[in-house]
Each structure stands twice: as structure tokens, then as C-alpha cells.
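See below for the structure under consideration.
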Amino acid sequence: MFYPLQNTCANVTALDDKPFTTSPYVIRGRAEITPGTDKVGTLQAINVETGRITWKHERRAGMMSLVATGGGLIFGGDSAGHMLAFDQDTGKVLWDVNLGSPITGYPVTYSVNGKQYLAVSTGNSLVSSALNTLTPELKPSNASNIFVFALP
């Protein structure tokens with residue numbers, strides 16, 4: 001199993017001791033990076049038979065959606081706009097391209113006339129925007145695009 005995870009937690013504070021009639025939420029939450037790391041995103045490979053982590057890849061930016069292929073590749077992106085290919089057995093990064101905006105769609109692969117392609121969308125989402133507040137030095141754009149790559 002392959003999981004894009006976030007190393008984040010939140011300090012949550014009650015705003016009032018009486019029920020609010022205009023909102024069911026009477027809390028304020030402030031997200032922060034989990035103590036002990038400066039990496040927001042983690043991709044973890046977990047062995048389904050043992051439940052043990054077989055490898056992990058940590059990134060400063062938050063990890064977004066993934067797709068696993070029958071050819072042993074994991075494609076996934078981060079909230080800073082990087083699209084990556086990983087070897088599913090080792091976690092080694094085989095390819096990394098900066099698309100400029102957060103990877104917000106689920107990557108898909110498909111074949112046309114025997115040629116394999118990878119497509120993914122970029123742009124802004126509630127998740128990517130929240131994660132990017134934790135890494136202000138990373139400055140992805142907000143451009144919404146669809147990228148399609150021909151695979152070798």
C-alpha cells in the first residue's frame with residue numbers, strides 16, 4: 001500500500017463555553033508541522049502482510065495524490081508543484097519535474113495506440129493552500145493546468 005501523508009498536527013482552542021447558534025464549530029485550529037521534523041509531506045510504502053513500513057520518502061512540501069501502475073511505478077505530486085515518479089519497491093525517485101503549481105488532481109495513466117501517457121492537473125485546493133501556509137519559503141503559483149507526459 002502506498003500512502004501520501006502529512007506530518008502535521010493542530011492546536012485547537014475552544015472559542016466559547018456556550019453553543020453557537022450560527023455555526024456548529026466553536027473552535028479555532030492552528031495547523032503546524034509535527035514536532036521533530038521540518039518535512040510536511042511523506043510518502044510511505046506499507047507491506048500489507050506485515051503492516052510494516054518498507055520505505056518512506058519525506059519532502060518539505062505536502063504530499064498530494066498518487067497513482068500506482070502495473071509497471072512498478074508510483075506517480076505522485078506535492079503542494080509545491082513537483083510531479084515525481086518513484087520505484088515502488090525501493091522508493092527511489094526516478095523522475096522529478098516542477099510543474100509550478102500544486103498537484104491537486106489524481107494522476108492517471110492511459111494508453112493510446114500502444115503508447116503510455118501520464119496526465120495530472122495542477123492548481124489550488126483547500127488542502128494545498130493549507131499545507132503551503134506551513135512552508136512559506138515555497139512559492140508555487142496558483143495556475144490551473146493539465147499536463148500530459150508520454151512515457152518511454
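Here, A, B, ... name the chains of the C-alpha cells in the order displayed, residue numbers run from 1 inside each chain, and ligands are numbered from 1 in the same displayed order.
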
All strand (DSSP E) positions in range 66-135 of chain A, as number ranges by chain: A: 66-68, 73-78, 82-87, 93-98, 108-112, 115-122

For Asn132 in chain A, list every protein, DNA or RNA residue within 12 Å, evaluated using only C-alpha atoms, and leave out those in the same chain fewer than 5 positions away; present the list as JSON, numbers by chain. {"A": [6, 8, 31, 32, 33, 39, 40, 41, 60, 61, 62, 63, 64, 78, 79, 80, 81, 101, 102, 124, 125, 126, 127, 137, 138, 139, 140, 141, 142]}

Mind checking which residues fall within 12 Å of Gly51 in chain A, counting only C-alpha atoms, ignoring those fewer than 6 positions away in the same chain, and posting them as an MDAnalysis selection string? chainID A and resid 1:2 44:45

Create the file for the chosen residues now, containing N, CA and C atoms and written as a PDB file, in the first residue's frame.
ATOM      1  N   MET A   1       0.856  -1.167   0.000  1.00  0.00           N
ATOM      2  CA  MET A   1       0.000   0.000   0.000  1.00  0.00           C
ATOM      3  C   MET A   1       0.903   1.231   0.000  1.00  0.00           C
ATOM      4  N   PHE A   2       0.456   2.257  -0.667  1.00  0.00           N
ATOM      5  CA  PHE A   2       1.224   3.494  -0.764  1.00  0.00           C
ATOM      6  C   PHE A   2       0.342   4.640  -0.289  1.00  0.00           C
ATOM      7  N   GLN A  44       4.645   6.890   2.142  1.00  0.00           N
ATOM      8  CA  GLN A  44       5.029   5.655   2.829  1.00  0.00           C
ATOM      9  C   GLN A  44       4.520   4.452   2.051  1.00  0.00           C
ATOM     10  N   ALA A  45       5.401   3.459   1.932  1.00  0.00           N
ATOM     11  CA  ALA A  45       5.036   2.157   1.381  1.00  0.00           C
ATOM     12  C   ALA A  45       4.898   1.209   2.563  1.00  0.00           C
TER      13      ALA A  45
END

For each of A:Val93, A:Val67, A:Ala85, A:Ser129, take the minimum atom-to-atom distance to Gly105 in chain A, counting only C-alpha atoms, then give the residue where this is smallest. A:Val67

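The space separating CA of Thr50 in chain A from CA of Gly76 in chain A comes to 24.2 Å.
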
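Comparing A:Gly91, A:Gly77, A:Gly29, A:Gly71 by their smallest distance to Thr54 in chain A, the closest is A:Gly91 (using only C-alpha atoms).
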
Residues near Val12 in chain A, cut-off 8 Å, only C-alpha atoms, skip fewer than 4 positions along chain, as a list in words: Ile27, Arg28, Gly29 and Arg30 of chain A

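The coordinates place CA of His82 in chain A at 11.2 Å from CA of Val120 in chain A.
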
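For the pair CA of Lys56 in chain A and CA of Thr104 in chain A, the interatomic distance is 21.1 Å.
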
I'd like the contact shell of Ala68 in chain A - 12 Å cut-off, only C-alpha atoms, skipping same-chain residues fewer than 6 positions apart - returned as a PyMOL selection string. chain A and resi 1-4+45+74-76+84-89+106-109+118
